[in-house]
Amino acid sequence: MTDVLTPDPEAPRAIAQAPDASPADVGGGRWKRAALIAVPYVWLLVLFLAPFFIVLKISLSDTVIAQPPYQPVLDLANGWRGVVDWWNGLDFENYQILFEDELYVASYLSSLKIATISTLLTLAIAYPMAYAMARAPKSIRPTLLMAVILPFWTSLLIRVYAWIGILNPEGLLNQFLLWTGIIHEPLYIMNTETAVYIGIVYSYLPFMVLPLYSSLEKLDETLLEAAADLGSPPWRSFWQITVPLSLPGVVAGCFLVFIPACGEFVIPDLLGGSETLMIGKTLYNEFFLNRDWPVSSAIAVLLLLVLVVPIAIYNNIQAKELGGKA
Amino acid sequence: MALKPAQKALGPIRRSFAPWLDPAAVPLIRFENVTKRFGDFTAVDDVSINIHQKEFFALLGPSGCGKTTLMRMLAGFEAPTSGRITLAGKDLAGVPPYRRPVNMMFQSYALFPHMTVAQNIGFGLRQESYAKSEIEARVTEMLRLVKLEGFGSRKPHQLSGGQRQRVALARSLAKKPKVLLLDEPLGALDKKLREETQFELMDLQQDLGLTFLIVTHDQEEAMTVADRIAVMNHGKLVQVATPGDIYEQPNCRYVADFIGDINILEAKVASVQGGAARLAVQDPTAEISVAVSEAAPASGADVAFAVRPEKMRIALEPPPEGAANVLKGEVWDIAYFGDWTKFLVKLDGSEKIVRVSRANMARTEAAPISWDDKVHVWFAPDAGVLLTG
Amino acid sequence: MRKGLSSVNLVALTFGFAFLYLPIVLLVIYSFNASQLVTVWGGFSTRWYVSLFHNEQLLEAAWVTVRVGILSATVATVLGTLAAVTLVRMGRFPGRTLFSGMVYAPLVMPEVITGLSMLLLFVAIGLDRGFFTLALAHITFSMCFVAVVVQSRLISFDQSLEEAALDLGCPPFKTFIVITLPIILPAIVSGWMLAFTLSIDDLVISQFTTGPGATTLPMRIYSSVRLGVKPEINAVCTILIAIVTTGVIIASIATKRAENERAKAERAAAAGR
């Protein structure tokens, strides 16, 4: 009886994946279909993909004091000459700067280090949370899920701002710790790398919890029963069954935290000190303070190159997760 | 288990095996007044069963009757609310599932998707301190036993349903459990494969000399594989008996009706004399004579007479002189199954329909029984059983 | 995983949620602080809320933010839904991999890169920066979030419903409107809300793509935050948190109620009434 009432959840998915079965195909004709695809496609091509090529182009030009502050500009009004002038003006000077000046190399390395460590910290906090959520009674799970998502809807800026008041030398954390007598001198967390770790872990925690929760919640309980039946005590079943089967969630969560954290600007800017180098902050300053568009473009291109592999892997996971096999 | 019968070496000749009739025999598993409640719902209600060593025991009943809960309590996944379960004389209360010498084959198979077939089969062994070579040897042996040599390195999702079922079986047998629990083990297989696998399970159980406890809602499956069947309904144990007794000597209407096809005639006992009773059937009004045991109900008692379709005869012409219990009727429908035919006969003077089945022993018939034919239906006094419950 | 919570689980949940909520709660509490010093409690007061309403700059920024949010969320919802339909229902087409890459990449792309590249595009094509470029940029990144939300609903959607409509003589476009759209509507609504929130919360991309006369609230907050913590900013943040939280909770309750109602109706139907 229950089989009739609860249809196989895989069935519609299987149907949805079947290509060539879409209603748009049936009578709408090729043109309608092409037009439907074209609208979002062209939008993203023009506003998301094309700009990267412009960034690449500008990263190869020279800085000048002008508006816009770079040269040469590809001027198609001059016809072929314009293209030739532009081509002749191209060089890799900006990239040389990036490798010669220690600031940039240090920023890249420091970004990777901070992103890696904070991803691992986030995982360490998120896994027990997601695990507990998946074990919670079914009736309260949506509420817990909601509670995890809610801070994500609140502006990152606000959430980071909230920490300033806490971490300041005269802030609430120090007031509390001094009051309890745990410390006698205020802790200087604000404007250090520690503050940046706290900020990143805090801001990206929901991104880690959600994929972990969804992979842990899917875990078939009979697998744990089968493991117990075959002689595996609970803590061993956790390592032998639960952890390996939640790996897709771990991987997805780590990418969701690591990639944006690498290019994070607001957190190191507001919580980190001057010695906290992160490439997002360097790029921002290069652009807004030094007004050096070509160098900031070059930074962006290199950052993208560093991130292209993780982004590609993440895209792959996302496409699989959402059944884009068709 | 797709081996053709011709290739298969026959298992041992099945011998008569009835330790439950021996008062001196000590059962391997005892359920003593076991009750399990989930909140207000009583899943298992005061059940006592003894299961003997090397027995193939089936728990049979509709879904929700408590049979799976009973098995899960033996495996250790649920604790009884009251009562006691012992295995080889040892009380299992408080023993976690991973310390119980029983293994279970799950309905969904519960194969670990991230492990290969060999890793799945070896999982139980790896939980104990076996040498690596020993585990490997055992896994190879199990793969051979379930005829999956060469599949050891595959992942579960690369296997067919039948192959997965065999991996699950091999995994649950690898630790040589004292008792193998099978939770609807063949439910996911198609009919033909299921029938073959039933016989293979029986061979395996005989070869290995293990005790098997199977939970199923499929009465044919229970009848085929089991030495004894416990029929359950609403958490209560209704009858425990051999398949033959369950079929021929059901102890109540529920069992009679649940197992196979049966005609039940509601009646009042008119008179009892020695081993025979006369019953006044109420619908249609008729009097029949039936054989009864010593513990026959008294005159005037409300009873039901249950008779299986194949124990009844049907013919166009009247039965031979002296036939007892002749009823007349009209053929209402005919279901032809090839080896036999079932006739649905509407009895005269009533809306009551009885089912009569007849083996098709000849290929052609001079005067076949057809729709709307007036027919005679009769049965011997000992063709059915008298039910009071 | 239904064995219930152990004490370790409870500790993990308590610690996790305390970590998530304590900073926000403190921020809200201190927005009602009478003292000028942000971290010293000087009694309850709503003076910072009052002074907010005399801060012309903030009010104007808020108005810009809301307008950009509504415009960009609406367009992003249309485009994102189209993108989701394309990904789920259009089968194979040339460049599909590129397309799905362009849909998923903005979800993780560092904002400084997205912001910089869009700015350079606007400069290259000679578009004056301001309200319009701001909206274009917001549409582009938020449509991808909408696409993912709608896509996951479309996947779990039983396509035989559409096939049944087609079989009964309903043309494809009408089928989409009368069958598919109502069923995926909750996802579209939450997609819009997500897009709107992303837009009103965004700082970095806005910094790059905006121009004179189009300063958003986060930009105003950012520039004052750089100069230190101010109780007035706490008040703005509290208002923003209140709006977003109320919106999200109302939406989720509405969805849940609709689901419960449906489940109840289904149970009644199944029981044969």
# chains A, B, ... in the order shown; residues from 1 in each chain; ligands from 1
call {"tool": "residues_around", "arguments": {"residues": "Leu82 (chain C)", "least_positions_apart": "3", "cutoff": "8 Å", "atoms": "only C-alpha atoms", "output": "number ranges by chain"}}
result
A: 36-37, 39-40; C: 78-79, 85-86, 147
call {"tool": "interface_residues", "arguments": {"of": "chain A", "to": "chain B", "cutoff": "9 Å", "atoms": "only C-alpha atoms", "output": "list in words"}}
result
Met1, Asp220, Glu221, Thr222, Leu223, Leu224, Glu225, Ala226, Ala227, Ala228, Asp229, Leu230, Gly231, Ser232, Pro233, Pro234, Arg236, Ile241, Pro244 and Leu245 of chain A
call {"tool": "residues_around", "arguments": {"residues": "Met219 (chain C)", "least_positions_apart": "2", "cutoff": "8 Å", "atoms": "only C-alpha atoms", "output": "list of chain:residue names"}}
result
C:Leu203, C:Ser206, C:Gln207, C:Thr215, C:Thr216, C:Leu217, C:Ile221, C:Tyr222, C:Ser223
call {"tool": "residues_around", "arguments": {"residues": "Leu204 (chain B)", "least_positions_apart": "2", "cutoff": "12 Å", "atoms": "only C-alpha atoms", "output": "list in words"}}
result
Met1, Leu10, Gly11, Pro12, Lys54, Phe56, Met142, Leu145, Val146, Arg166, Leu169, Ala170, Leu173, Leu180, Thr197, Gln198, Phe199, Glu200, Leu201, Met202, Gln206, Asp207, Leu208, Gly209, Leu210, Thr211, Phe212 and Val225 of chain B
call {"tool": "write_last_selection", "arguments": {"atoms": "C-alpha atoms", "output": "JSON list (two decimals), in the first residue's frame"}}
result
[["chain", "number", "residue", "atom", "x", "y", "z"],
["B", 1, "MET", "CA", 20.65, -17.67, -9.56],
["B", 10, "LEU", "CA", 21.02, -31.70, -7.29],
["B", 11, "GLY", "CA", 21.24, -30.82, -3.65],
["B", 12, "PRO", "CA", 20.92, -33.48, -0.99],
["B", 54, "LYS", "CA", 19.08, -26.18, 11.14],
["B", 56, "PHE", "CA", 14.31, -23.08, 7.80],
["B", 142, "MET", "CA", 31.80, -17.02, -0.88],
["B", 145, "LEU", "CA", 29.34, -20.29, -3.44],
["B", 146, "VAL", "CA", 27.07, -17.67, -5.00],
["B", 166, "ARG", "CA", 23.63, -12.92, -4.34],
["B", 169, "LEU", "CA", 23.55, -13.29, 0.54],
["B", 170, "ALA", "CA", 27.29, -13.96, 0.36],
["B", 173, "LEU", "CA", 26.93, -15.78, 5.10],
["B", 180, "LEU", "CA", 20.81, -16.15, 8.92],
["B", 197, "THR", "CA", 16.52, -18.73, -6.06],
["B", 198, "GLN", "CA", 14.10, -20.30, -3.60],
["B", 199, "PHE", "CA", 15.44, -23.74, -4.42],
["B", 200, "GLU", "CA", 19.01, -22.52, -4.29],
["B", 201, "LEU", "CA", 18.40, -21.03, -0.86],
["B", 202, "MET", "CA", 17.08, -24.37, 0.33],
["B", 206, "GLN", "CA", 21.03, -27.81, 3.79],
["B", 207, "ASP", "CA", 24.65, -27.74, 2.59],
["B", 208, "LEU", "CA", 25.77, -25.27, 5.22],
["B", 209, "GLY", "CA", 23.61, -26.73, 7.98],
["B", 210, "LEU", "CA", 22.57, -23.26, 9.14],
["B", 211, "THR", "CA", 19.40, -21.99, 10.71],
["B", 212, "PHE", "CA", 17.50, -19.64, 8.42],
["B", 225, "VAL", "CA", 11.31, -22.89, 1.35]]
call {"tool": "residues_around", "arguments": {"residues": "region 248-252 of chain B", "least_positions_apart": "4", "cutoff": "12 Å", "atoms": "only C-alpha atoms", "output": "PyMOL selection string"}}
result
chain B and resi 229-231+233+237-244+256-262+264+292-293+303-308+310-311+382-389
call {"tool": "residues_around", "arguments": {"residues": "region 189-201 of chain C", "least_positions_apart": "3", "cutoff": "7 Å", "atoms": "only C-alpha atoms", "output": "list in words"}}
result
Trp153 and Ser155 of chain A; Thr65, Val66, Gly69, Ile70, Ala73, Thr74, Ala76, Thr77, His138, Ser142, Val146, Val149, Val150, Leu185, Pro186 and Pro218 of chain C
call {"tool": "interface_residues", "arguments": {"of": "chain C", "to": "chain A", "cutoff": "7 Å", "atoms": "only C-alpha atoms", "output": "ChimeraX atom specification"}}
result
/C:1-5,9,12-13,16,20,23-24,27,39,79,82-83,86-92,99,101-102,104-105,108-110,112-113,117-118,120-121,140,152,155-159,172,197,201,226,229,237,241,244-245
call {"tool": "residues_around", "arguments": {"residues": "Phe99 (chain A)", "least_positions_apart": "5", "cutoff": "12 Å", "atoms": "only C-alpha atoms", "output": "NGL selection string"}}
result
:A and (92-94 or 104-108 or 295 or 298-299 or 302)
call {"tool": "decode", "arguments": {"residues": "region 98-249 of chain C", "atoms": "C-alpha atoms", "output": "short mmCIF file (atom, residue, chain, number, x, y, z; two decimals), in the first residue's frame"}}
result
data_model
loop_
_atom_site.label_atom_id
_atom_site.label_comp_id
_atom_site.auth_asym_id
_atom_site.auth_seq_id
_atom_site.Cartn_x
_atom_site.Cartn_y
_atom_site.Cartn_z
CA LEU C 98 29.82 26.15 -21.91
CA PHE C 99 26.35 27.29 -20.98
CA SER C 100 26.14 25.22 -17.82
CA GLY C 101 29.62 26.42 -16.94
CA MET C 102 28.52 30.04 -17.29
CA VAL C 103 25.49 29.33 -15.08
CA TYR C 104 27.41 27.65 -12.25
CA ALA C 105 30.67 29.62 -12.29
CA PRO C 106 29.27 32.92 -10.95
CA LEU C 107 28.10 31.07 -7.83
CA VAL C 108 31.69 30.67 -6.68
CA MET C 109 33.49 33.33 -8.72
CA PRO C 110 35.33 35.79 -6.45
CA GLU C 111 33.40 39.02 -6.51
CA VAL C 112 36.42 41.15 -7.24
CA ILE C 113 36.88 39.33 -10.56
CA THR C 114 33.22 39.56 -11.56
CA GLY C 115 33.10 43.22 -10.57
CA LEU C 116 36.29 44.19 -12.34
CA SER C 117 35.43 42.34 -15.54
CA MET C 118 31.99 43.89 -15.78
CA LEU C 119 33.32 47.33 -15.14
CA LEU C 120 35.86 46.91 -17.92
CA LEU C 121 33.09 45.72 -20.23
CA PHE C 122 31.01 48.79 -19.50
CA VAL C 123 34.01 51.02 -20.10
CA ALA C 124 34.90 49.21 -23.31
CA ILE C 125 31.45 49.61 -24.81
CA GLY C 126 31.24 53.17 -23.54
CA LEU C 127 28.29 52.69 -21.21
CA ASP C 128 27.98 55.44 -18.57
CA ARG C 129 28.22 53.90 -15.15
CA GLY C 130 25.33 54.40 -12.80
CA PHE C 131 22.00 52.90 -11.92
CA PHE C 132 21.69 51.02 -15.18
CA THR C 133 25.10 49.33 -15.14
CA LEU C 134 24.54 48.46 -11.51
CA ALA C 135 21.31 46.70 -12.40
CA LEU C 136 22.92 44.88 -15.35
CA ALA C 137 25.68 43.55 -13.11
CA HIS C 138 23.25 42.45 -10.40
CA ILE C 139 21.01 40.73 -12.93
CA THR C 140 23.93 38.78 -14.31
CA PHE C 141 25.19 37.23 -11.11
CA SER C 142 21.81 36.75 -9.44
CA MET C 143 20.19 35.08 -12.47
CA CYS C 144 22.58 32.19 -11.94
CA PHE C 145 21.32 31.67 -8.38
CA VAL C 146 17.75 31.78 -9.65
CA ALA C 147 18.65 29.24 -12.33
CA VAL C 148 20.01 26.78 -9.77
CA VAL C 149 16.98 27.13 -7.48
CA VAL C 150 14.49 26.67 -10.32
CA GLN C 151 16.55 23.90 -11.87
CA SER C 152 16.41 21.72 -8.78
CA ARG C 153 12.64 22.07 -8.69
CA LEU C 154 12.32 21.28 -12.40
CA ILE C 155 14.34 18.11 -11.96
CA SER C 156 12.09 16.74 -9.25
CA PHE C 157 9.07 17.63 -11.36
CA ASP C 158 7.25 14.66 -12.87
CA GLN C 159 7.43 15.25 -16.57
CA SER C 160 4.58 12.86 -17.29
CA LEU C 161 2.30 15.71 -16.11
CA GLU C 162 3.40 17.73 -19.09
CA GLU C 163 3.12 14.72 -21.34
CA ALA C 164 -0.41 14.15 -20.11
CA ALA C 165 -1.33 17.75 -20.98
CA LEU C 166 0.20 17.39 -24.44
CA ASP C 167 -1.58 14.08 -24.90
CA LEU C 168 -4.87 15.77 -24.04
CA GLY C 169 -4.30 18.31 -26.79
CA CYS C 170 -2.71 21.23 -24.97
CA PRO C 171 -0.03 22.93 -27.08
CA PRO C 172 3.53 23.06 -25.65
CA PHE C 173 3.65 26.73 -24.73
CA LYS C 174 0.25 26.61 -23.09
CA THR C 175 1.30 23.43 -21.29
CA PHE C 176 4.25 25.28 -19.85
CA ILE C 177 2.02 28.12 -18.69
CA VAL C 178 -0.86 26.12 -17.22
CA ILE C 179 0.96 23.01 -15.95
CA THR C 180 4.67 23.57 -15.44
CA LEU C 181 4.68 27.16 -14.24
CA PRO C 182 2.18 26.73 -11.38
CA ILE C 183 4.09 23.73 -10.10
CA ILE C 184 7.51 25.38 -10.17
CA LEU C 185 6.12 28.71 -8.97
CA PRO C 186 7.33 28.34 -5.36
CA ALA C 187 10.87 27.87 -6.68
CA ILE C 188 10.50 30.92 -8.91
CA VAL C 189 9.26 33.00 -5.98
CA SER C 190 12.14 31.92 -3.77
CA GLY C 191 14.45 32.57 -6.71
CA TRP C 192 13.17 36.14 -6.88
CA MET C 193 13.64 36.62 -3.16
CA LEU C 194 17.14 35.25 -3.36
CA ALA C 195 17.98 37.54 -6.27
CA PHE C 196 16.53 40.53 -4.45
CA THR C 197 18.49 39.76 -1.30
CA LEU C 198 21.71 39.21 -3.20
CA SER C 199 21.20 42.52 -4.92
CA ILE C 200 20.50 44.58 -1.81
CA ASP C 201 23.37 42.85 0.05
CA ASP C 202 26.01 43.21 -2.61
CA LEU C 203 28.97 45.45 -2.00
CA VAL C 204 32.00 44.50 -4.07
CA ILE C 205 30.41 44.14 -7.48
CA SER C 206 28.44 47.33 -6.87
CA GLN C 207 31.61 49.22 -5.97
CA PHE C 208 33.06 48.35 -9.35
CA THR C 209 30.03 48.81 -11.55
CA THR C 210 28.31 51.83 -10.10
CA GLY C 211 28.83 55.42 -10.97
CA PRO C 212 28.01 58.86 -9.61
CA GLY C 213 24.51 59.21 -8.26
CA ALA C 214 23.96 55.51 -7.70
CA THR C 215 25.37 54.76 -4.29
CA THR C 216 23.79 51.77 -2.60
CA LEU C 217 23.20 51.19 1.07
CA PRO C 218 25.98 48.58 1.48
CA MET C 219 28.40 51.06 -0.10
CA ARG C 220 27.36 53.74 2.41
CA ILE C 221 27.62 51.27 5.27
CA TYR C 222 31.03 50.13 4.06
CA SER C 223 32.47 53.60 3.88
CA SER C 224 31.33 54.44 7.40
CA VAL C 225 32.38 51.04 8.76
CA ARG C 226 35.90 51.65 7.51
CA LEU C 227 35.98 54.58 9.88
CA GLY C 228 34.87 52.45 12.81
CA VAL C 229 31.80 51.02 14.46
CA LYS C 230 28.89 53.43 14.80
CA PRO C 231 25.61 52.80 16.59
CA GLU C 232 23.76 54.32 13.66
CA ILE C 233 25.17 51.60 11.40
CA ASN C 234 24.00 49.00 13.92
CA ALA C 235 20.53 50.43 13.52
CA VAL C 236 20.63 50.27 9.70
CA CYS C 237 21.92 46.71 9.85
CA THR C 238 19.19 45.76 12.31
CA ILE C 239 16.53 47.13 10.00
CA LEU C 240 17.99 45.23 7.05
CA ILE C 241 18.22 42.03 9.10
CA ALA C 242 14.64 42.47 10.25
CA ILE C 243 13.35 42.94 6.71
CA VAL C 244 15.24 39.98 5.28
CA THR C 245 14.45 37.69 8.20
CA THR C 246 10.77 38.52 8.16
CA GLY C 247 10.61 37.98 4.42
CA VAL C 248 12.37 34.65 4.54
CA ILE C 249 10.36 33.36 7.48
#
